[in-house]
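Peer 1: Handing over target.cif, mmCIF, C-alpha atoms.
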```cif
data_input
#
loop_
_atom_site.label_atom_id
_atom_site.label_comp_id
_atom_site.auth_asym_id
_atom_site.auth_seq_id
_atom_site.Cartn_x
_atom_site.Cartn_y
_atom_site.Cartn_z
CA MET A 1 -21.74 -92.82 186.15
CA ILE A 2 -19.80 -90.29 184.13
CA GLN A 3 -20.86 -86.69 184.55
CA THR A 4 -20.86 -84.85 181.25
CA GLN A 5 -20.04 -81.52 182.86
CA ASP A 6 -16.68 -82.88 184.01
CA ILE A 7 -15.69 -84.22 180.56
CA PRO A 8 -12.75 -82.31 179.14
CA ILE A 9 -13.57 -80.88 175.74
CA VAL A 10 -10.59 -81.35 173.48
CA ASP A 11 -9.95 -78.63 170.92
CA LEU A 12 -8.60 -80.61 168.01
CA PRO A 13 -7.25 -77.66 165.99
CA ASP A 14 -5.25 -76.35 168.99
CA LYS A 15 -3.57 -79.69 169.55
CA ALA A 16 -2.94 -80.03 165.89
CA ASP A 17 -1.23 -76.62 165.98
CA LYS A 18 1.03 -77.91 168.78
CA GLY A 19 2.26 -80.73 166.60
CA HIS A 20 -0.18 -83.46 167.72
CA THR A 21 -2.42 -85.41 165.42
CA ALA A 22 -6.12 -85.93 165.99
CA TRP A 23 -5.40 -89.47 167.19
CA ASP A 24 -2.90 -88.20 169.75
CA ALA A 25 -5.53 -85.79 171.04
CA ILE A 26 -8.15 -88.44 171.74
CA LYS A 27 -6.22 -91.66 172.41
CA GLY A 28 -5.81 -90.82 176.11
CA LEU A 29 -9.55 -90.31 176.61
CA SER A 30 -12.21 -92.83 177.43
CA PHE A 31 -14.58 -94.02 174.75
CA ASP A 32 -17.40 -91.71 175.84
CA ASP A 33 -15.05 -88.71 176.06
CA ALA A 34 -13.62 -89.46 172.62
CA ILE A 35 -17.09 -89.76 171.05
CA THR A 36 -18.19 -86.51 172.70
CA SER A 37 -15.07 -84.67 171.52
CA ILE A 38 -15.46 -85.98 167.98
CA ALA A 39 -19.15 -85.03 167.95
CA ASN A 40 -18.35 -81.53 169.19
CA GLY A 41 -15.68 -81.18 166.51
CA ILE A 42 -18.08 -82.32 163.81
CA VAL A 43 -20.75 -79.91 165.03
CA GLN A 44 -18.28 -77.00 165.07
CA PHE A 45 -17.00 -77.84 161.60
CA SER A 46 -20.54 -78.27 160.25
CA PHE A 47 -21.50 -74.90 161.73
CA ARG A 48 -18.46 -73.27 160.12
CA LEU A 49 -19.19 -75.01 156.83
CA LEU A 50 -22.78 -73.74 156.93
CA ILE A 51 -21.61 -70.19 157.61
CA ALA A 52 -19.02 -70.48 154.82
CA ALA A 53 -21.71 -71.62 152.36
CA LEU A 54 -23.99 -68.74 153.35
CA VAL A 55 -21.12 -66.27 153.04
CA PHE A 56 -20.22 -67.71 149.63
CA TYR A 57 -23.70 -67.28 148.17
CA PHE A 58 -24.15 -63.89 149.81
CA GLY A 59 -20.72 -62.86 148.52
CA LYS A 60 -21.64 -63.92 144.98
CA PHE A 61 -24.75 -61.75 145.21
CA VAL A 62 -22.73 -58.77 146.49
CA ILE A 63 -20.07 -59.26 143.78
CA LYS A 64 -22.76 -59.28 141.11
CA LYS A 65 -24.23 -56.04 142.42
CA LEU A 66 -20.81 -54.37 142.73
CA PHE A 67 -19.97 -55.54 139.22
CA GLU A 68 -23.13 -53.89 137.86
CA VAL A 69 -22.41 -50.68 139.80
CA VAL A 70 -18.87 -50.48 138.37
CA ARG A 71 -20.18 -51.19 134.87
CA LYS A 72 -22.79 -48.41 135.13
CA ILE A 73 -20.15 -45.97 136.40
CA LEU A 74 -17.86 -46.78 133.47
CA VAL A 75 -20.72 -46.39 130.98
CA ALA A 76 -21.83 -43.11 132.54
CA ASN A 77 -18.27 -41.75 132.29
CA GLU A 78 -18.07 -42.85 128.64
CA VAL A 79 -15.05 -45.08 129.24
CA ASP A 80 -13.75 -46.82 126.13
CA GLU A 81 -15.35 -50.25 125.70
CA SER A 82 -11.98 -51.98 125.37
CA LEU A 83 -10.80 -50.57 128.70
CA MET A 84 -14.21 -51.30 130.20
CA THR A 85 -14.00 -55.05 129.52
CA PHE A 86 -10.46 -55.15 130.92
CA VAL A 87 -11.40 -53.31 134.13
CA LEU A 88 -14.54 -55.39 134.67
CA SER A 89 -12.69 -58.68 134.30
CA LEU A 90 -9.98 -57.45 136.71
CA VAL A 91 -12.61 -56.33 139.25
CA ARG A 92 -14.34 -59.69 139.06
CA ILE A 93 -11.08 -61.60 139.71
CA VAL A 94 -10.11 -59.40 142.67
CA LEU A 95 -13.55 -59.64 144.31
CA TYR A 96 -13.69 -63.41 143.97
CA PHE A 97 -10.17 -63.70 145.42
CA ILE A 98 -11.25 -61.68 148.47
CA LEU A 99 -14.33 -63.91 148.83
CA ILE A 100 -12.23 -67.09 148.72
CA VAL A 101 -9.81 -65.75 151.35
CA THR A 102 -12.76 -64.85 153.59
CA ILE A 103 -14.28 -68.33 153.27
CA VAL A 104 -10.93 -69.95 154.04
CA GLY A 105 -10.72 -67.87 157.23
CA ILE A 106 -14.24 -68.89 158.26
CA LEU A 107 -13.34 -72.57 157.85
CA GLY A 108 -10.61 -72.13 160.47
CA ILE A 109 -7.56 -72.07 158.21
CA GLU A 110 -5.03 -69.38 159.03
CA THR A 111 -5.30 -66.77 156.27
CA SER A 112 -1.77 -65.50 156.89
CA SER A 113 -0.28 -68.91 156.15
CA PHE A 114 -2.70 -69.27 153.25
CA LEU A 115 -1.64 -65.93 151.79
CA ALA A 116 2.03 -66.81 152.27
CA LEU A 117 1.43 -70.12 150.53
CA PHE A 118 -0.45 -68.37 147.76
CA ALA A 119 2.33 -65.81 147.34
CA SER A 120 5.04 -68.47 147.10
CA ALA A 121 2.91 -70.50 144.73
CA GLY A 122 2.30 -67.35 142.71
CA VAL A 123 6.03 -66.78 142.34
CA ALA A 124 6.57 -70.36 141.22
CA ILE A 125 3.63 -70.24 138.83
CA GLY A 126 4.78 -66.87 137.52
CA MET A 127 8.21 -68.26 136.70
CA ALA A 128 6.63 -71.26 135.00
CA LEU A 129 4.10 -69.15 133.12
CA SER A 130 6.29 -66.32 131.94
CA GLY A 131 4.40 -66.28 128.65
CA THR A 132 1.15 -65.61 130.51
CA LEU A 133 2.73 -62.61 132.26
CA GLN A 134 3.87 -61.41 128.85
CA ASN A 135 0.26 -61.64 127.68
CA PHE A 136 -0.83 -59.61 130.72
CA ALA A 137 1.75 -56.91 129.93
CA GLY A 138 0.62 -57.00 126.30
CA GLY A 139 -3.00 -56.44 127.35
CA VAL A 140 -1.99 -53.39 129.40
CA LEU A 141 -0.02 -51.98 126.45
CA ILE A 142 -2.94 -52.54 124.08
CA LEU A 143 -5.30 -50.66 126.40
CA LEU A 144 -2.83 -47.79 126.82
CA LEU A 145 -1.69 -47.42 123.20
CA LYS A 146 -5.07 -48.44 121.68
CA PRO A 147 -3.95 -49.91 118.33
CA TYR A 148 -7.50 -51.28 118.13
CA LYS A 149 -10.67 -51.29 120.19
CA VAL A 150 -13.79 -53.37 120.56
CA GLY A 151 -15.77 -53.34 117.31
CA ASP A 152 -12.76 -52.81 115.01
CA TYR A 153 -12.07 -55.20 112.15
CA ILE A 154 -8.42 -56.24 112.39
CA GLU A 155 -6.02 -58.70 110.81
CA ALA A 156 -3.23 -60.08 113.01
CA GLN A 157 -1.40 -63.32 113.72
CA GLY A 158 -2.87 -64.87 110.56
CA PHE A 159 -6.49 -64.20 111.55
CA ALA A 160 -8.98 -61.51 110.55
CA GLY A 161 -12.21 -60.57 112.29
CA THR A 162 -14.13 -58.13 114.47
CA VAL A 163 -12.81 -57.53 117.99
CA LYS A 164 -15.40 -58.71 120.54
CA GLU A 165 -13.47 -58.45 123.82
CA ILE A 166 -10.07 -57.39 125.10
CA GLN A 167 -9.40 -59.49 128.18
CA ILE A 168 -6.45 -59.44 130.57
CA PHE A 169 -4.50 -62.16 128.79
CA HIS A 170 -6.07 -62.43 125.35
CA THR A 171 -8.22 -60.75 122.72
CA VAL A 172 -11.36 -62.38 121.31
CA ILE A 173 -12.23 -61.76 117.67
CA ASN A 174 -15.14 -62.99 115.58
CA THR A 175 -14.45 -63.95 111.96
CA PRO A 176 -16.88 -63.16 109.11
CA ASP A 177 -17.93 -66.83 109.04
CA ASN A 178 -18.84 -66.62 112.77
CA LYS A 179 -15.83 -68.36 114.28
CA THR A 180 -14.46 -67.18 117.61
CA ILE A 181 -10.67 -66.78 117.65
CA ILE A 182 -8.74 -66.20 120.90
CA ILE A 183 -5.36 -64.52 120.33
CA PRO A 184 -2.82 -63.97 123.16
CA ASN A 185 -2.13 -60.30 123.86
CA GLY A 186 1.64 -60.84 123.97
CA GLY A 187 1.89 -61.50 120.24
CA LEU A 188 -0.57 -58.73 119.42
CA SER A 189 1.42 -56.13 121.36
CA THR A 190 4.68 -56.99 119.60
CA GLY A 191 3.44 -58.03 116.15
CA SER A 192 1.95 -56.27 113.14
CA ILE A 193 -1.75 -55.38 113.19
CA ASN A 194 -3.81 -54.30 110.20
CA ASN A 195 -6.72 -52.25 111.56
CA TYR A 196 -9.29 -51.80 108.78
CA SER A 197 -11.59 -49.72 111.02
CA PHE A 198 -9.09 -47.11 112.17
CA GLU A 199 -9.88 -44.61 109.40
CA SER A 200 -13.37 -43.44 108.52
CA TYR A 201 -12.80 -43.54 104.74
CA ARG A 202 -11.16 -46.14 102.52
CA ARG A 203 -10.35 -46.42 98.83
CA VAL A 204 -11.99 -49.20 96.84
CA ASP A 205 -9.94 -50.61 93.95
CA TRP A 206 -11.09 -52.65 90.96
CA LYS A 207 -9.00 -54.18 88.17
CA ILE A 208 -11.17 -54.70 85.08
CA GLY A 209 -9.97 -56.20 81.79
CA LEU A 210 -11.67 -55.29 78.48
CA SER A 211 -11.14 -56.66 74.98
CA TYR A 212 -8.54 -55.22 72.63
CA GLY A 213 -10.08 -52.82 70.15
CA CYS A 214 -12.60 -51.40 72.62
CA ASP A 215 -13.21 -47.64 72.80
CA TYR A 216 -11.18 -46.85 75.93
CA VAL A 217 -12.54 -43.28 76.10
CA LYS A 218 -16.08 -44.62 76.17
CA ALA A 219 -15.04 -47.19 78.77
CA LYS A 220 -13.57 -44.54 81.07
CA GLU A 221 -16.69 -42.39 80.78
CA LEU A 222 -18.91 -45.38 81.58
CA PHE A 223 -16.83 -46.25 84.63
CA ILE A 224 -17.14 -42.69 85.96
CA LYS A 225 -20.87 -42.55 85.19
CA ILE A 226 -21.60 -45.77 87.05
CA LEU A 227 -19.56 -44.72 90.10
CA LEU A 228 -21.06 -41.23 90.36
CA SER A 229 -24.58 -42.62 90.15
CA ASP A 230 -24.07 -44.23 93.60
CA ASP A 231 -24.50 -41.99 96.67
CA ARG A 232 -21.92 -43.99 98.63
CA VAL A 233 -19.08 -42.79 96.39
CA VAL A 234 -17.24 -39.60 97.41
CA VAL A 235 -17.81 -37.09 94.62
CA ASN A 236 -15.32 -34.38 95.57
CA THR A 237 -13.76 -34.13 99.06
CA LEU A 238 -14.11 -36.21 102.21
CA GLN A 239 -15.19 -33.10 104.13
CA GLU A 240 -18.22 -32.62 101.89
CA ASP A 241 -19.17 -36.27 102.18
CA MET A 242 -18.76 -36.18 105.97
CA ASP A 243 -21.01 -33.10 106.24
CA LYS A 244 -23.62 -34.80 104.07
CA ARG A 245 -23.54 -37.91 106.25
CA LYS A 246 -23.92 -35.85 109.44
CA ALA A 247 -26.92 -34.01 108.02
CA LYS A 248 -28.53 -37.31 107.01
CA LEU A 249 -27.86 -38.80 110.45
CA LEU A 250 -29.44 -35.84 112.23
CA ALA A 251 -32.48 -36.06 109.98
CA GLU A 252 -32.91 -39.76 110.77
CA GLN A 253 -32.65 -39.12 114.52
CA LYS A 254 -35.59 -36.71 114.51
CA GLU A 255 -38.64 -38.64 115.63
CA GLU A 256 -42.25 -37.56 115.31
CA VAL A 257 -43.99 -36.93 118.64
CA PRO A 258 -47.81 -37.09 119.01
CA GLU A 259 -49.55 -33.76 119.52
CA ASN A 260 -50.55 -32.63 123.03
CA ASP A 261 -48.10 -35.12 124.54
CA CYS A 262 -44.75 -34.54 126.18
CA PRO A 263 -41.78 -34.98 123.84
CA PRO A 264 -38.90 -36.99 125.30
CA ASP A 265 -36.52 -34.02 125.10
CA ASP A 266 -38.85 -31.45 126.76
CA PRO A 267 -37.98 -31.12 130.48
CA ASP A 268 -40.72 -28.50 131.06
CA CYS A 269 -43.53 -30.81 130.09
CA GLU A 270 -45.77 -31.87 133.00
CA GLU A 271 -45.55 -35.64 132.81
CA GLU A 272 -47.58 -36.03 135.99
CA LYS A 273 -50.72 -35.14 134.04
CA LEU A 274 -50.16 -38.02 131.62
CA PRO A 275 -51.20 -41.63 132.25
CA PHE A 276 -48.71 -43.89 133.99
CA TRP A 277 -47.92 -45.99 130.90
CA LYS A 278 -47.22 -42.85 128.84
CA ARG A 279 -44.82 -41.55 131.47
CA LEU A 280 -42.94 -44.83 131.34
CA TRP A 281 -42.84 -44.67 127.54
CA TYR A 282 -41.42 -41.13 127.47
CA ARG A 283 -38.82 -41.95 130.10
CA LYS A 284 -37.75 -44.93 128.05
CA LYS A 285 -37.46 -42.77 124.92
CA ARG A 286 -35.34 -40.25 126.82
CA LYS A 287 -32.97 -42.95 127.99
CA GLN A 288 -32.69 -44.27 124.44
CA GLN A 289 -31.79 -40.82 123.13
CA GLU A 290 -29.18 -40.34 125.86
CA LEU A 291 -27.70 -43.74 125.05
CA LYS A 292 -27.55 -42.87 121.34
CA GLN A 293 -25.69 -39.68 122.11
CA LYS A 294 -23.20 -41.50 124.33
CA LEU A 295 -22.65 -44.23 121.77
CA GLN A 296 -22.21 -41.64 119.03
CA LYS A 297 -19.46 -39.98 121.07
CA LYS A 298 -17.80 -43.30 121.89
CA THR A 299 -17.83 -44.62 118.31
CA THR A 300 -16.22 -41.52 116.81
CA ILE A 301 -13.46 -42.80 114.53
CA LYS A 302 -10.31 -40.91 113.73
CA LEU A 303 -10.79 -38.91 110.53
CA PRO A 304 -8.15 -38.40 107.85
CA THR A 305 -6.07 -35.26 108.22
CA ASN A 306 -6.51 -34.09 104.60
CA LEU A 307 -10.29 -33.78 104.50
CA ASP A 308 -10.28 -31.02 101.90
CA VAL A 309 -8.15 -32.87 99.35
CA SER A 310 -10.14 -33.73 96.23
CA ARG A 311 -10.80 -37.47 95.92
CA PRO A 312 -13.13 -38.06 92.95
CA PRO A 313 -13.30 -41.45 91.19
CA PHE A 314 -10.21 -42.32 89.14
CA VAL A 315 -9.95 -44.51 86.01
CA ALA A 316 -6.85 -45.28 83.92
CA ILE A 317 -5.31 -48.00 81.74
CA THR A 318 -2.84 -49.86 83.92
CA GLU A 319 -1.68 -52.77 81.74
CA LEU A 320 -1.73 -54.13 78.20
CA ALA A 321 -2.03 -57.79 79.09
CA ASP A 322 -1.89 -60.86 76.86
CA SER A 323 -5.65 -61.10 76.36
CA SER A 324 -7.08 -57.82 77.67
CA VAL A 325 -6.62 -54.12 78.25
CA ASN A 326 -6.66 -53.77 82.04
CA PHE A 327 -8.21 -50.71 83.69
CA VAL A 328 -7.64 -49.63 87.28
CA VAL A 329 -10.75 -48.10 88.86
CA ARG A 330 -10.58 -46.32 92.23
CA ALA A 331 -13.25 -44.68 94.37
CA TRP A 332 -13.41 -43.43 97.96
CA THR A 333 -16.23 -44.36 100.32
CA HIS A 334 -17.04 -44.52 104.02
CA ASN A 335 -15.57 -47.50 105.83
CA GLU A 336 -18.92 -49.13 106.55
CA ASN A 337 -19.80 -49.13 102.82
CA TYR A 338 -16.56 -50.70 101.57
CA TRP A 339 -17.62 -54.26 100.75
CA ASN A 340 -21.17 -53.44 99.73
CA LEU A 341 -19.89 -50.86 97.25
CA TYR A 342 -17.23 -53.25 95.94
CA PHE A 343 -19.68 -56.07 95.23
CA ASP A 344 -22.46 -53.81 93.88
CA MET A 345 -20.14 -52.01 91.46
CA THR A 346 -18.60 -55.28 90.25
CA GLU A 347 -22.09 -56.56 89.46
CA ARG A 348 -23.01 -53.37 87.62
CA PHE A 349 -19.78 -53.42 85.57
CA TYR A 350 -20.51 -56.98 84.48
CA LYS A 351 -24.11 -56.13 83.54
CA GLU A 352 -23.85 -52.67 81.94
CA PHE A 353 -20.59 -52.90 79.98
CA PRO A 354 -21.81 -55.57 77.49
CA GLU A 355 -25.03 -53.53 77.06
CA ASN A 356 -22.84 -50.63 75.86
CA GLY A 357 -20.77 -52.72 73.45
CA LEU A 358 -17.78 -53.27 75.73
CA ASP A 359 -16.89 -56.93 76.18
CA PHE A 360 -14.81 -58.85 78.69
CA PRO A 361 -12.35 -61.17 76.89
CA PHE A 362 -11.55 -64.79 77.54
CA PRO A 363 -7.89 -65.88 77.66
CA GLN A 364 -6.91 -66.40 74.02
CA LEU A 365 -3.89 -67.38 71.94
CA ASP A 366 -3.31 -66.51 68.27
CA VAL A 367 -1.61 -69.30 66.27
CA HIS A 368 -0.06 -68.50 62.84
CA LEU A 369 0.62 -71.44 60.44
CA ALA A 370 3.58 -70.87 58.11
CA ASP A 371 3.73 -72.42 54.59
CA VAL A 372 5.98 -75.49 54.49
CA PRO A 373 8.45 -75.59 51.51
CA LYS A 374 7.72 -78.27 48.91
CA GLU A 375 11.25 -79.71 49.19
CA LEU A 376 10.61 -80.69 52.81
CA THR A 377 7.29 -82.38 51.98
CA MET A 378 8.78 -84.30 49.01
CA ASN A 379 11.65 -85.65 51.10
CA LYS A 380 9.13 -87.09 53.48
#
```
Write the structure described by the file as structure tokens, please.

Peer 2:
Amino acid sequence: MIQTQDIPIVDLPDKADKGHTAWDAIKGLSFDDAITSIANGIVQFSFRLLIAALVFYFGKFVIKKLFEVVRKILVANEVDESLMTFVLSLVRIVLYFILIVTIVGILGIETSSFLALFASAGVAIGMALSGTLQNFAGGVLILLLKPYKVGDYIEAQGFAGTVKEIQIFHTVINTPDNKTIIIPNGGLSTGSINNYSFESYRRVDWKIGLSYGCDYVKAKELFIKILLSDDRVVVNTLQEDMDKRKAKLLAEQKEEVPENDCPPDDPDCEEEKLPFWKRLWYRKKRKQQELKQKLQKKTTIKLPTNLDVSRPPFVAITELADSSVNFVVRAWTHNENYWNLYFDMTERFYKEFPENGLDFPFPQLDVHLADVPKELTMNK
């Protein structure tokens, strides 16, 4: 009868570390000893696997909470959104790497050898993926130099769209027809970028052709009249238009508050006397106002340096073409109104010019027939 207390328990990992295989560790034992050792090994590994699974799910929960804490700190400090996405993605990668190393250690694998293996593999992968490292360096340069930020409309590498995210290795843009384009940061940091959102004001240009014989003085006056009738067109200077827009924005932000109730911006009001649902409503309104103020500060776009330079609408004859007299029409407007103003004015030009006796010509060719001498016709 074999006594179980006298059975030697074989530690398979230790023998494996000494250069022996699992078979070498158990081949000298009896059948019962071998089964017991294998069972103990399976139980130990299962216990470690269970702990590793619990640590993994608990670690995911902790990473999610830490991620939210970091995001709230960045938002509270009014960090640029482009830098925010970069930092958050970097934090997520680092935290998950620490979690994986921890799980590997729990499973019984030496973390030092694992880290050494990871470092050597990282060097080899880095040499093989030199372009990826270039994209990483490009992402850092983009965040430092800020040629564009999240929300800007840019044109680069043959694509045009609104920047959605600036990641570690690439930038994600969304095209006007709702396609997602992923562009490597390496090419963006070294190539040309057309940032349409960098300036607050842009000039809208039209090229309109009218028929020969039209009253060009009347045409110029009609162009100016149509442009000045739209509030989106800068009448004199950009400074005046900017002041007008600020006043309009402040007027829109003023919200009516019911009488005898606490306004969201009144800290002296005794909210405790109000019902619970009203207190929640006022706190929510306060948070919305604070968020608006933060977003207004973050979305401030660089203004032109010459704000006081006069920029009224401009109209002139630019070309005497084959079939038309071409006018160049220019007007300044805020960046957000560019395309709406362009399309609306084009529609009004097409509608109102014929009503005022000014027509748009079709391509035409004048053919003059010369008289043929009688001698040539008689010879035929």

Peer 1: Give the answer as one residue: which of A:Glu336, A:Asp344, A:Ser200, A:Thr162 has the shortest atom-to-atom distance to Ile182 (chain A), using only C-alpha atoms?

Peer 2: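 Of all the options, A:Thr162 lies closest to Ile182 (chain A).
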
Peer 1: So how far away is CA of Ile106 (chain A) from CA of Ile63 (chain A), in Å?

Peer 2: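 Spanning CA of Ile63 (chain A) to CA of Ile106 (chain A) is a straight-line distance of 18.3 Å.
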
Peer 1: Given the choices A:Cys214, A:Val204, A:Asn326, A:Val309, which gets closest to Leu341 (chain A) if the distance is worked out from only C-alpha atoms?

Peer 2: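 Ranking A:Cys214, A:Val204, A:Asn326, A:Val309 by distance to Leu341 (chain A), first place goes to A:Val204.
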
Peer 1: Show me the residues around (-13.7, -58.5, 78.5) - criterion: an atom at most 10 Å away, all atoms listed in the file counted - as a PDB file with C-alpha atoms, keeping the file's coordinate frame.

Peer 2:
```pdb
ATOM      1  CA  ILE A 208     -11.170 -54.700  85.080  1.00  0.00           C
ATOM      2  CA  GLY A 209      -9.970 -56.200  81.790  1.00  0.00           C
ATOM      3  CA  LEU A 210     -11.670 -55.290  78.480  1.00  0.00           C
ATOM      4  CA  SER A 211     -11.140 -56.660  74.980  1.00  0.00           C
ATOM      5  CA  TYR A 212      -8.540 -55.220  72.630  1.00  0.00           C
ATOM      6  CA  CYS A 214     -12.600 -51.400  72.620  1.00  0.00           C
ATOM      7  CA  SER A 323      -5.650 -61.100  76.360  1.00  0.00           C
ATOM      8  CA  SER A 324      -7.080 -57.820  77.670  1.00  0.00           C
ATOM      9  CA  VAL A 325      -6.620 -54.120  78.250  1.00  0.00           C
ATOM     10  CA  ASN A 326      -6.660 -53.770  82.040  1.00  0.00           C
ATOM     11  CA  TYR A 350     -20.510 -56.980  84.480  1.00  0.00           C
ATOM     12  CA  PHE A 353     -20.590 -52.900  79.980  1.00  0.00           C
ATOM     13  CA  PRO A 354     -21.810 -55.570  77.490  1.00  0.00           C
ATOM     14  CA  LEU A 358     -17.780 -53.270  75.730  1.00  0.00           C
ATOM     15  CA  ASP A 359     -16.890 -56.930  76.180  1.00  0.00           C
ATOM     16  CA  PHE A 360     -14.810 -58.850  78.690  1.00  0.00           C
ATOM     17  CA  PRO A 361     -12.350 -61.170  76.890  1.00  0.00           C
ATOM     18  CA  PHE A 362     -11.550 -64.790  77.540  1.00  0.00           C
ATOM     19  CA  PRO A 363      -7.890 -65.880  77.660  1.00  0.00           C
TER      20      PRO A 363
END
```

Peer 1: Hey, can you check how far CA of Asn135 (chain A) sits from CA of Pro184 (chain A)?

Peer 2: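 These two atoms are separated by 5.9 Å.
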
Peer 1: Hey, what comes out of the PyMOL selection byres ((chain A and resi 165) around 7) on this file? Could you write it as a compact mmCIF listing (two decimals) with C-alpha atoms, in the coordinates of the input?

Peer 2:
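Saved file selection_31.txt follows:
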```
# COMPACT_ATOMS: atom_id res chain seq x y z
CA SER A 82 -11.98 -51.98 125.37
CA THR A 85 -14.00 -55.05 129.52
CA VAL A 150 -13.79 -53.37 120.56
CA VAL A 163 -12.81 -57.53 117.99
CA LYS A 164 -15.40 -58.71 120.54
CA ILE A 166 -10.07 -57.39 125.10
CA GLN A 167 -9.40 -59.49 128.18
CA THR A 171 -8.22 -60.75 122.72
CA VAL A 172 -11.36 -62.38 121.31
```

Peer 1: Could you write out as a PyMOL selection string the residues that the PyMOL selection byres ((chain A and resi 83) around 12) matches in the shown file?

Peer 2: chain A and resi 71+74-75+78-82+84-90+139-146+148-150+165-168

Peer 1: One decimal, in Å: what's the spacing between CA of Phe136 (chain A) and CA of Gln157 (chain A)?

Peer 2: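 These atoms are spaced 17.4 Å apart.
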
Peer 1: If you count all atoms listed in the file, which residues fall within 8 Å of Arg232 (chain A), apart from same-chain ones fewer than 3 positions away, as a ChimeraX atom specification?

Peer 2: /A:333-334,337,341

Peer 1: If the PyMOL selection byres ((chain A and resi 45-55) around 9) is run on the structure shown, which residues does it catch, given as a PyMOL selection string?

Peer 2: chain A and resi 40-44+56-60+99+102-104+106-108

Peer 1: Between A:Arg330, A:His368, A:Lys64, A:Arg92, which is the closest to Lys220 (chain A) once you count all atoms listed in the file?

Peer 2: A:Arg330

Peer 1: Give me the residues within 10 Å of Ala137 (chain A) as a PyMOL selection string, counting all atoms listed in the file and dropping any in the same chain fewer than 4 places off.

Peer 2: chain A and resi 131-133+141-142+168-169+185-186+189

Peer 1: Could you give me the axis-aligned bounding box of region 168-177 of chain A, with 4 Å of padding per side, as centre plus edge lengths in Å to one decimal, as lines of an AutoDock Vina configuration file?

Peer 2:
```
center_x = -11.2
center_y = -63.1
center_z = 119.8
size_x = 21.4
size_y = 15.4
size_z = 29.5
```
